[in-house]
>>> print(open('query_31.txt').read())   # compact mmCIF, C-alpha atoms and all ligand atoms
# COMPACT_ATOMS: atom_id res chain seq x y z
CA MET I 1 -4.79 18.88 10.13
CA THR I 2 -2.84 19.53 6.96
CA ILE I 3 -1.36 16.28 5.67
CA LEU I 4 1.31 15.97 3.03
CA VAL I 5 0.84 12.70 1.15
CA THR I 6 3.84 11.53 -0.89
CA GLY I 7 2.83 9.13 -3.64
CA GLY I 8 -0.76 10.33 -3.30
CA ALA I 9 -1.63 9.56 -6.93
CA GLY I 10 -0.93 5.84 -6.43
CA TYR I 11 -3.24 3.00 -5.51
CA ILE I 12 -3.18 3.20 -1.70
CA GLY I 13 -2.45 6.93 -1.65
CA SER I 14 -5.52 7.88 -3.69
CA HIS I 15 -7.87 5.83 -1.49
CA THR I 16 -6.26 7.30 1.61
CA ILE I 17 -6.88 10.87 0.45
CA ILE I 18 -10.61 10.16 0.25
CA GLU I 19 -10.62 8.88 3.85
CA LEU I 20 -8.57 11.90 4.97
CA HIS I 21 -11.05 14.23 3.30
CA LYS I 22 -13.94 12.44 4.99
CA ALA I 23 -12.22 13.07 8.32
CA ASN I 24 -11.93 16.77 7.37
CA HIS I 25 -8.20 16.89 6.85
CA ASN I 26 -6.60 19.16 4.32
CA VAL I 27 -4.48 17.21 1.80
CA ILE I 28 -1.39 18.18 -0.20
CA VAL I 29 0.18 15.69 -2.60
CA VAL I 30 3.73 15.33 -3.87
CA ASP I 31 4.01 12.70 -6.60
CA ASN I 32 6.34 12.49 -9.59
CA LEU I 33 3.80 10.31 -11.47
CA SER I 34 6.53 7.76 -12.23
CA ASN I 35 4.09 4.92 -11.69
CA SER I 36 0.76 6.71 -11.38
CA SER I 37 -1.57 9.07 -13.14
CA LYS I 38 -2.79 12.57 -12.44
CA GLU I 39 -6.24 11.32 -13.47
CA SER I 40 -6.49 9.51 -10.11
CA ILE I 41 -6.23 12.85 -8.29
CA LYS I 42 -8.92 14.35 -10.53
CA ARG I 43 -11.21 11.46 -9.68
CA VAL I 44 -10.43 11.68 -5.97
CA GLU I 45 -11.49 15.33 -6.07
CA GLU I 46 -14.66 14.37 -7.90
CA ILE I 47 -15.50 11.66 -5.32
CA SER I 48 -14.80 13.72 -2.24
CA GLY I 49 -15.89 17.10 -3.61
CA LYS I 50 -12.73 18.65 -2.17
CA SER I 51 -9.63 19.85 -3.90
CA VAL I 52 -6.12 18.51 -3.54
CA LYS I 53 -3.08 20.76 -3.84
CA PHE I 54 -0.85 18.80 -6.18
CA TYR I 55 2.89 19.13 -6.78
CA GLU I 56 4.45 17.03 -9.54
CA TYR I 57 7.79 16.80 -7.78
CA ASN I 58 10.25 14.05 -6.97
CA ILE I 59 10.98 13.72 -3.25
CA LEU I 60 14.65 13.32 -4.15
CA ASP I 61 14.66 16.97 -5.24
CA GLN I 62 15.13 18.75 -1.94
CA ASN I 63 14.82 22.26 -3.39
CA LYS I 64 11.38 21.44 -4.73
CA LEU I 65 10.39 19.72 -1.51
CA LYS I 66 11.46 22.77 0.49
CA GLU I 67 9.14 24.92 -1.64
CA VAL I 68 6.24 22.68 -0.58
CA PHE I 69 7.15 23.01 3.09
CA LYS I 70 7.59 26.78 2.74
CA GLU I 71 4.27 27.30 0.99
CA ASN I 72 2.23 25.12 3.33
CA LYS I 73 1.99 24.63 7.07
CA ILE I 74 2.25 20.85 7.18
CA ASP I 75 1.37 18.94 10.35
CA THR I 76 2.04 15.36 9.32
CA VAL I 77 3.46 13.47 6.35
CA ILE I 78 2.06 10.17 5.09
CA HIS I 79 4.85 8.66 3.03
CA PHE I 80 3.78 6.25 0.28
CA ALA I 81 6.14 7.26 -2.53
CA ALA I 82 8.26 4.24 -3.44
CA PHE I 83 8.89 1.64 -6.13
CA LYS I 84 7.25 -1.69 -5.36
CA ALA I 85 7.90 -4.31 -8.05
CA VAL I 86 9.73 -7.23 -6.44
CA GLY I 87 11.05 -8.73 -9.71
CA GLU I 88 12.35 -5.40 -10.99
CA SER I 89 14.06 -4.75 -7.66
CA VAL I 90 16.08 -7.96 -8.12
CA SER I 91 17.33 -6.90 -11.56
CA LYS I 92 17.71 -3.18 -10.72
CA PRO I 93 18.59 -3.00 -7.03
CA LEU I 94 20.31 0.39 -7.25
CA LYS I 95 17.23 1.94 -8.80
CA TYR I 96 15.28 0.75 -5.73
CA TYR I 97 17.87 1.83 -3.16
CA HIS I 98 18.18 5.24 -4.79
CA ASN I 99 14.48 5.93 -5.12
CA ASN I 100 13.19 4.35 -1.92
CA ILE I 101 16.03 4.88 0.53
CA ALA I 102 17.56 8.12 -0.74
CA GLY I 103 14.05 9.47 -1.37
CA THR I 104 13.04 8.79 2.23
CA VAL I 105 16.25 10.30 3.63
CA SER I 106 15.72 13.39 1.47
CA LEU I 107 12.16 13.74 2.77
CA LEU I 108 13.19 13.24 6.42
CA GLU I 109 15.94 15.87 6.10
CA VAL I 110 13.53 18.45 4.75
CA MET I 111 10.94 17.57 7.39
CA SER I 112 13.57 18.01 10.07
CA GLU I 113 14.65 21.37 8.67
CA PHE I 114 11.05 22.60 8.80
CA HIS I 115 10.42 21.04 12.24
CA VAL I 116 7.75 18.73 10.91
CA LYS I 117 8.41 15.59 12.90
CA ASN I 118 5.25 13.57 12.40
CA ILE I 119 5.26 10.77 9.86
CA ILE I 120 3.21 7.70 8.94
CA PHE I 121 5.24 5.26 6.92
CA SER I 122 3.96 2.74 4.43
CA SER I 123 5.71 -0.56 5.19
CA SER I 124 4.84 -4.10 4.23
CA ALA I 125 4.38 -7.58 5.67
CA THR I 126 7.27 -8.44 3.37
CA VAL I 127 9.56 -7.42 6.29
CA TYR I 128 8.57 -10.66 8.09
CA GLY I 129 10.21 -12.78 5.36
CA ASP I 130 9.20 -16.41 5.76
CA PRO I 131 7.56 -16.33 9.21
CA VAL I 132 8.09 -19.18 11.67
CA SER I 133 4.32 -19.42 12.17
CA VAL I 134 1.04 -17.62 11.42
CA PRO I 135 -0.67 -15.40 12.39
CA ILE I 136 2.14 -12.85 12.48
CA ASP I 137 2.34 -10.24 15.22
CA GLU I 138 4.54 -7.15 15.30
CA SER I 139 7.16 -8.77 17.52
CA PHE I 140 8.07 -11.46 14.96
CA SER I 141 11.65 -11.42 13.74
CA LEU I 142 12.35 -9.52 10.54
CA SER I 143 14.07 -10.72 7.40
CA VAL I 144 13.75 -10.09 3.70
CA THR I 145 14.34 -11.96 0.48
CA ASN I 146 14.66 -9.26 -2.17
CA PRO I 147 15.88 -5.66 -2.62
CA TYR I 148 12.35 -4.20 -2.58
CA GLY I 149 11.71 -5.84 0.80
CA ARG I 150 15.12 -4.73 2.00
CA THR I 151 14.30 -1.10 1.17
CA LYS I 152 11.15 -1.36 3.33
CA LEU I 153 13.10 -2.88 6.19
CA MET I 154 15.92 -0.33 5.86
CA MET I 155 13.44 2.54 5.83
CA GLU I 156 11.90 1.17 9.04
CA GLU I 157 15.38 1.02 10.58
CA ILE I 158 16.21 4.55 9.45
CA LEU I 159 13.03 5.80 11.08
CA GLY I 160 13.98 3.95 14.26
CA ASP I 161 17.39 5.65 14.30
CA VAL I 162 15.84 9.05 13.66
CA PHE I 163 13.51 8.54 16.62
CA ARG I 164 16.28 7.31 18.92
CA ALA I 165 18.35 10.38 18.08
CA ASP I 166 15.46 12.78 18.67
CA ASN I 167 12.42 11.45 20.49
CA SER I 168 10.33 14.48 19.69
CA TRP I 169 9.50 12.65 16.43
CA ASN I 170 6.15 10.85 16.22
CA ILE I 171 6.36 7.92 13.84
CA VAL I 172 3.79 5.29 12.91
CA ILE I 173 4.98 2.39 10.79
CA LEU I 174 2.14 0.49 9.12
CA ARG I 175 2.88 -2.99 7.81
CA TYR I 176 0.33 -3.73 5.13
CA PHE I 177 -0.68 -7.26 4.24
CA ASN I 178 -2.13 -7.67 0.70
CA PRO I 179 -4.16 -4.63 -0.37
CA VAL I 180 -6.84 -5.38 -2.98
CA GLY I 181 -10.22 -4.07 -4.13
CA ALA I 182 -11.17 -0.56 -5.11
CA HIS I 183 -13.39 2.36 -4.17
CA LYS I 184 -17.14 1.60 -4.44
CA SER I 185 -17.59 4.22 -7.14
CA GLY I 186 -15.43 2.20 -9.55
CA ARG I 187 -13.60 5.46 -10.32
CA ILE I 188 -10.28 4.70 -8.63
CA GLY I 189 -8.41 1.43 -8.23
CA GLU I 190 -5.18 -0.40 -8.88
CA ASP I 191 -3.67 0.38 -12.28
CA PRO I 192 -0.65 -1.87 -12.79
CA ASN I 193 1.85 -1.17 -15.54
CA GLY I 194 1.93 -3.98 -18.10
CA ILE I 195 1.32 -7.55 -16.98
CA PRO I 196 0.35 -7.55 -13.29
CA ASN I 197 2.67 -9.27 -10.79
CA ASN I 198 0.11 -9.54 -8.03
CA LEU I 199 -2.73 -12.01 -7.80
CA MET I 200 -5.89 -9.90 -7.66
CA PRO I 201 -5.09 -7.59 -10.60
CA TYR I 202 -4.03 -10.63 -12.60
CA ILE I 203 -7.32 -12.44 -11.90
CA SER I 204 -9.23 -9.25 -12.83
CA GLN I 205 -7.46 -9.16 -16.17
CA VAL I 206 -8.28 -12.81 -16.84
CA ALA I 207 -11.93 -12.03 -16.04
CA VAL I 208 -12.01 -9.07 -18.42
CA GLY I 209 -10.27 -11.07 -21.18
CA LYS I 210 -6.90 -9.28 -21.15
CA GLN I 211 -5.04 -12.38 -19.96
CA LYS I 212 -5.79 -15.91 -21.12
CA GLU I 213 -5.52 -17.75 -17.81
CA LEU I 214 -4.16 -17.46 -14.32
CA SER I 215 -0.95 -19.34 -13.55
CA ILE I 216 -1.13 -20.58 -10.00
CA PHE I 217 2.38 -20.56 -8.62
CA GLY I 218 2.55 -23.93 -6.91
CA ASP I 219 -0.07 -26.28 -5.42
CA ASP I 220 2.21 -28.21 -3.09
CA TYR I 221 2.49 -25.77 -0.19
CA PRO I 222 1.47 -26.98 3.27
CA THR I 223 -1.82 -25.06 3.13
CA VAL I 224 -5.54 -25.85 2.97
CA ASP I 225 -5.42 -26.77 -0.75
CA GLY I 226 -1.69 -26.56 -1.52
CA THR I 227 -1.81 -23.00 -2.93
CA GLY I 228 -0.33 -19.93 -1.20
CA VAL I 229 -2.35 -18.28 1.57
CA ARG I 230 -2.43 -14.50 2.05
CA ASP I 231 -4.25 -11.89 4.11
CA TYR I 232 -6.11 -9.82 1.50
CA ILE I 233 -7.28 -6.50 2.88
CA HIS I 234 -9.71 -4.11 1.19
CA VAL I 235 -7.83 -0.96 0.19
CA VAL I 236 -10.55 1.23 1.73
CA ASP I 237 -10.11 -0.50 5.11
CA LEU I 238 -6.38 -0.02 4.74
CA ALA I 239 -6.83 3.65 3.81
CA TYR I 240 -8.97 4.21 6.89
CA GLY I 241 -6.17 2.70 8.99
CA HIS I 242 -4.09 5.79 8.15
CA VAL I 243 -6.77 8.12 9.49
CA MET I 244 -6.83 6.17 12.74
CA ALA I 245 -3.03 6.16 12.86
CA LEU I 246 -3.12 9.98 12.75
CA LYS I 247 -4.70 9.89 16.19
CA LYS I 248 -1.58 8.15 17.48
CA ILE I 249 0.47 11.01 16.02
CA GLU I 250 -1.79 13.55 17.75
CA ASP I 251 -1.25 11.72 21.05
CA ARG I 252 2.48 12.35 20.58
CA SER I 253 3.30 8.78 21.44
CA GLY I 254 6.70 8.28 19.83
CA LEU I 255 7.41 5.36 17.53
CA ASN I 256 4.71 2.75 17.00
CA ILE I 257 4.41 -0.18 14.60
CA TYR I 258 1.17 -1.88 13.50
CA ASN I 259 0.10 -4.69 11.23
CA LEU I 260 -2.79 -3.74 8.99
CA GLY I 261 -4.47 -6.96 7.92
CA THR I 262 -7.76 -8.77 8.43
CA GLY I 263 -6.33 -11.71 10.35
CA LYS I 264 -7.84 -14.13 7.83
CA GLY I 265 -5.93 -16.02 5.16
CA TYR I 266 -7.29 -17.12 1.75
CA SER I 267 -5.58 -19.49 -0.64
CA VAL I 268 -5.06 -18.64 -4.32
CA LEU I 269 -7.84 -21.08 -5.28
CA GLU I 270 -10.23 -19.67 -2.68
CA THR I 271 -9.51 -16.16 -3.93
CA LEU I 272 -10.04 -17.22 -7.53
CA HIS I 273 -13.39 -18.80 -6.63
CA ALA I 274 -14.47 -15.69 -4.72
CA PHE I 275 -13.68 -13.64 -7.82
CA GLU I 276 -15.65 -16.06 -10.03
CA LEU I 277 -18.69 -15.43 -7.85
CA ALA I 278 -18.20 -11.68 -8.11
CA CYS I 279 -17.84 -11.59 -11.89
CA GLY I 280 -20.31 -14.39 -12.61
CA LYS I 281 -18.04 -16.52 -14.78
CA LYS I 282 -15.62 -19.40 -14.59
CA LEU I 283 -12.01 -18.34 -14.95
CA ASN I 284 -9.28 -20.40 -16.58
CA TYR I 285 -6.22 -21.36 -14.62
CA LYS I 286 -3.31 -23.74 -14.73
CA ILE I 287 -0.91 -24.92 -12.05
CA SER I 288 2.68 -23.80 -12.65
CA ASP I 289 5.92 -23.94 -10.71
CA ARG I 290 6.36 -22.05 -7.46
CA ARG I 291 7.52 -18.43 -7.84
CA ALA I 292 11.00 -17.85 -6.42
CA GLY I 293 10.87 -16.12 -3.05
CA ASP I 294 7.20 -16.97 -2.35
CA ILE I 295 6.14 -18.29 1.03
CA ALA I 296 3.36 -20.71 1.93
CA SER I 297 1.28 -18.65 4.32
CA CYS I 298 1.18 -15.08 5.51
CA TYR I 299 -1.57 -13.50 7.58
CA ALA I 300 -1.70 -10.97 10.36
CA LEU I 301 -2.58 -10.91 13.97
CA PRO I 302 -4.23 -7.48 13.81
CA ASN I 303 -4.98 -7.18 17.56
CA LYS I 304 -2.51 -4.39 18.27
CA ALA I 305 -4.08 -2.04 15.69
CA GLU I 306 -7.54 -3.03 16.91
CA LYS I 307 -6.66 -2.17 20.48
CA GLU I 308 -4.44 0.87 20.08
CA LEU I 309 -5.79 2.46 16.90
CA GLU I 310 -9.40 1.32 17.37
CA TRP I 311 -9.21 0.15 13.80
CA THR I 312 -10.44 -3.07 12.32
CA ALA I 313 -10.88 -4.28 8.74
CA THR I 314 -14.59 -4.80 8.07
CA ARG I 315 -14.81 -5.73 4.38
CA GLU I 316 -14.82 -9.41 3.41
CA ILE I 317 -13.29 -11.17 0.41
CA ASP I 318 -16.57 -11.09 -1.61
CA GLU I 319 -16.70 -7.30 -1.35
CA MET I 320 -12.99 -7.02 -2.24
CA CYS I 321 -13.63 -9.02 -5.42
CA GLU I 322 -16.85 -7.17 -6.34
CA ASP I 323 -15.14 -3.81 -5.99
CA ALA I 324 -12.03 -4.92 -7.91
CA TRP I 325 -14.32 -6.24 -10.66
CA ARG I 326 -16.35 -3.01 -10.86
CA TRP I 327 -13.15 -0.97 -11.25
CA GLN I 328 -11.81 -3.40 -13.88
CA THR I 329 -14.98 -3.44 -15.99
CA LYS I 330 -15.45 0.32 -15.85
CA ASN I 331 -11.76 0.96 -16.64
CA PRO I 332 -10.47 -1.98 -18.70
CA ASN I 333 -7.28 -0.03 -19.42
CA GLY I 334 -6.98 1.61 -16.02
CA TYR I 335 -6.75 5.39 -16.03
CA LYS I 336 -5.89 5.28 -19.73
CA SER I 337 -9.50 4.19 -20.37
CA GLY I 338 -10.42 7.89 -20.34
CA LYS I 339 -13.33 9.56 -18.58
C1 LIG Q 1 3.97 -9.64 -3.25
C2 LIG Q 1 5.45 -9.45 -3.00
C3 LIG Q 1 5.63 -8.71 -1.69
C4 LIG Q 1 4.91 -7.38 -1.75
C5 LIG Q 1 3.45 -7.60 -2.11
C6 LIG Q 1 2.81 -6.26 -2.40
C7 LIG Q 1 6.59 -11.29 -4.13
C8 LIG Q 1 7.40 -12.53 -3.96
N1 LIG Q 1 6.12 -10.73 -3.01
O1 LIG Q 1 3.43 -10.37 -2.18
O2 LIG Q 1 6.99 -8.50 -1.44
O3 LIG Q 1 4.99 -6.72 -0.51
O4 LIG Q 1 3.34 -8.38 -3.31
O5 LIG Q 1 1.45 -6.40 -2.63
O6 LIG Q 1 6.36 -10.83 -5.26
N2 LIG Q 1 0.03 -15.84 -7.32
C9 LIG Q 1 -0.26 -16.75 -8.30
N3 LIG Q 1 -0.30 -16.33 -9.60
C10 LIG Q 1 -0.08 -15.01 -9.94
C11 LIG Q 1 0.22 -14.07 -8.92
C12 LIG Q 1 0.27 -14.52 -7.61
O7 LIG Q 1 -0.48 -17.93 -8.03
O8 LIG Q 1 -0.13 -14.69 -11.16
C13 LIG Q 1 0.03 -16.29 -5.90
C14 LIG Q 1 1.36 -16.11 -5.18
O9 LIG Q 1 2.16 -17.25 -5.35
C15 LIG Q 1 0.89 -15.91 -3.74
C16 LIG Q 1 -0.45 -15.19 -3.89
O10 LIG Q 1 -0.89 -15.47 -5.21
O11 LIG Q 1 0.67 -17.15 -3.11
C17 LIG Q 1 -0.36 -13.68 -3.70
O12 LIG Q 1 0.63 -13.15 -4.57
P1 LIG Q 1 0.87 -11.58 -4.74
O13 LIG Q 1 -0.41 -10.90 -5.00
O14 LIG Q 1 1.96 -11.39 -5.74
O15 LIG Q 1 1.34 -11.10 -3.29
P2 LIG Q 1 2.55 -11.62 -2.36
O16 LIG Q 1 3.33 -12.68 -3.01
O17 LIG Q 1 1.97 -11.92 -1.04
>>> encode(input="query_31.txt", output="structure tokens")
Amino acid sequence: MTILVTGGAGYIGSHTIIELHKANHNVIVVDNLSNSSKESIKRVEEISGKSVKFYEYNILDQNKLKEVFKENKIDTVIHFAAFKAVGESVSKPLKYYHNNIAGTVSLLEVMSEFHVKNIIFSSSATVYGDPVSVPIDESFSLSVTNPYGRTKLMMEEILGDVFRADNSWNIVILRYFNPVGAHKSGRIGEDPNGIPNNLMPYISQVAVGKQKELSIFGDDYPTVDGTGVRDYIHVVDLAYGHVMALKKIEDRSGLNIYNLGTGKGYSVLETLHAFELACGKKLNYKISDRRAGDIASCYALPNKAEKELEWTATREIDEMCEDAWRWQTKNPNGYKSGK
């Protein structure tokens, strides 16, 4: 199949292209490089030995998007392109609503015009808000605590409305838990802008000496050791989930929603210790106040994806840390580190 990947130069997008290539799909990317680098696409091509047709376009620009649909016979779209920084979304909500919501509507309109009605959408466990219990299954009630999360929830709702209006659409919504790690080659990985917000890239930067110490946001949560518990999932497992989700599109089975997680939760301290083993050194940390909007525990019940997509995450926390560490040491400044 020919797959259009929006946001294909980003962290999850780039890993997904490699898995799509492995499964013999043809990949086209639209990315405006607002938070990513063209270098990632170059490296993806080098890893998979296949080329990617790349358009440096913004999905908000419908004329440009139409060119892509005219020039290529697209079967399915995998839609990653979105802003994702929670803190920034609180201070600049309109920037998030414009880019994420208007961008998605623009894409869906063009898809509709060209009768391409197959889409896999990149959602997040953030749509579960503070869950009443763990593990979380897809039927849990939805709520959000910040504009970024609200854009994900709104985009899910928009897709639901689109499907209800025209059930010839095939839509798979994937709710990711916490993607971490990197490709085994150490050539592609997560390349955050400035000081990382998320745990794993922050720990990596402490390990490589770019940050002095990790601040652990609270040690008084009702968890195994008081620190926050999350479901970290290797980005390559997550990427492969998209290939399996394509089968659901091929089955023409309407609108489906899946959690992509491992089903296992690790605390901040457990994650830090796993990373210490991977990098072979002790890492400095201090306990600080809780971060506003954080929850105690969040991990998936991944049974639905296991059963219906025949997908399961196979990589453990030690491998996630080893791969994140390899990427960090080989590219201390991300893609700016050069060749
Ligand atoms: C965060 C976002 C979530 C988003 C997800 C994307 C918030 C409140 N939530 O989720 O909406 O979908 O990223 O990956 O930002 N931690 C520290 N010190 C740090 C960084 C994190 O102790 O420097 C802790 C956090 O308190 C949390 C855990 O590590 O318990 C994981 O944090 P993070 O990687 O930011 O992910 P989430 O908070 O789950």
>>> residues_near_ligand(input="query_31.txt", ligand="ligand LIG 1 (chain Q)", cutoff="7 Å", atoms="all atoms listed in the file", output="ChimeraX atom specification")
/I:86-87,124-126,148-149,178-179,197-200,202,214-218,227-230,268,290-296
>>> closest_residue(input="query_31.txt", among="I:Pro196, I:Gly160, I:Gly189, I:Pro93", to="His15 in chain I", atoms="only C-alpha atoms")
I:Gly189
>>> residues_around(input="query_31.txt", residues="range 244-258 of chain I", least_positions_apart="3", cutoff="8 Å", atoms="all atoms listed in the file", output="list in words")
Asn118, Ile119, Ile120, Glu138, Gly160, Phe163, Asn167, Ser168, Trp169, Asn170, Ile171, Val172, Ile173, Leu174, Arg175, Tyr240, Gly241, Pro302, Lys304, Ala305, Leu309, Glu310 and Trp311 of chain I
>>> write_last_selection(input="query_31.txt", atoms="C-alpha atoms", output="CSV table (one decimal), keeping the file's coordinate frame")
chain,number,residue,atom,x,y,z
I,118,ASN,CA,5.2,13.6,12.4
I,119,ILE,CA,5.3,10.8,9.9
I,120,ILE,CA,3.2,7.7,8.9
I,138,GLU,CA,4.5,-7.2,15.3
I,160,GLY,CA,14.0,4.0,14.3
I,163,PHE,CA,13.5,8.5,16.6
I,167,ASN,CA,12.4,11.4,20.5
I,168,SER,CA,10.3,14.5,19.7
I,169,TRP,CA,9.5,12.6,16.4
I,170,ASN,CA,6.2,10.8,16.2
I,171,ILE,CA,6.4,7.9,13.8
I,172,VAL,CA,3.8,5.3,12.9
I,173,ILE,CA,5.0,2.4,10.8
I,174,LEU,CA,2.1,0.5,9.1
I,175,ARG,CA,2.9,-3.0,7.8
I,240,TYR,CA,-9.0,4.2,6.9
I,241,GLY,CA,-6.2,2.7,9.0
I,302,PRO,CA,-4.2,-7.5,13.8
I,304,LYS,CA,-2.5,-4.4,18.3
I,305,ALA,CA,-4.1,-2.0,15.7
I,309,LEU,CA,-5.8,2.5,16.9
I,310,GLU,CA,-9.4,1.3,17.4
I,311,TRP,CA,-9.2,0.2,13.8
>>> closest_residue(input="query_31.txt", among="I:Thr271, I:Val116, I:Gly10, I:Ile317", to="Lys73 in chain I", atoms="only C-alpha atoms")
I:Val116
>>> atom_distance(input="query_31.txt", atom1="CA of Ile18 in chain I", atom2="CA of Gly186 in chain I")
13.5 Å
>>> residues_around(input="query_31.txt", residues="Ser40 in chain I", least_positions_apart="2", cutoff="9 Å", atoms="only C-alpha atoms", output="VMD selection string")
chain I and resid 8 to 11 14 36 to 38 42 to 45 187 to 189 335
>>> atom_distance(input="query_31.txt", atom1="CA of Asn100 in chain I", atom2="CA of Asp237 in chain I")
24.8 Å
>>> residues_near_point(input="query_31.txt", point="(-15.0, -1.8, -6.3)", cutoff="8 Å", atoms="all atoms listed in the file", output="list of chain:residue names")
I:Gly181, I:Ala182, I:His183, I:Lys184, I:Ser185, I:Gly186, I:Gly189, I:Glu319, I:Met320, I:Cys321, I:Glu322, I:Asp323, I:Ala324, I:Trp325, I:Arg326, I:Trp327
>>> residues_around(input="query_31.txt", residues="range 49-53 of chain I", least_positions_apart="4", cutoff="8 Å", atoms="all atoms listed in the file", output="number ranges by chain")
I: 21, 26-29, 41, 45
>>> closest_residue(input="query_31.txt", among="I:Val127, I:Ala274, I:Val236, I:Ile101", to="Leu60 in chain I", atoms="only C-alpha atoms")
I:Ile101
>>> closest_residue(input="query_31.txt", among="I:Asp61, I:Asp161, I:Glu67, I:Asp318", to="Phe275 in chain I", atoms="all atoms listed in the file")
I:Asp318
>>> atom_distance(input="query_31.txt", atom1="CA of Asp225 in chain I", atom2="CA of Leu301 in chain I")
21.8 Å
>>> residues_near_point(input="query_31.txt", point="(-11.5, -3.3, 4.2)", cutoff="6 Å", atoms="only C-alpha atoms", output="PyMOL selection string")
chain I and resi 233-237+313-315
>>> closest_residue(input="query_31.txt", among="I:Pro222, I:Leu153, I:Thr329, I:His98", to="Ser141 in chain I", atoms="only C-alpha atoms")
I:Leu153
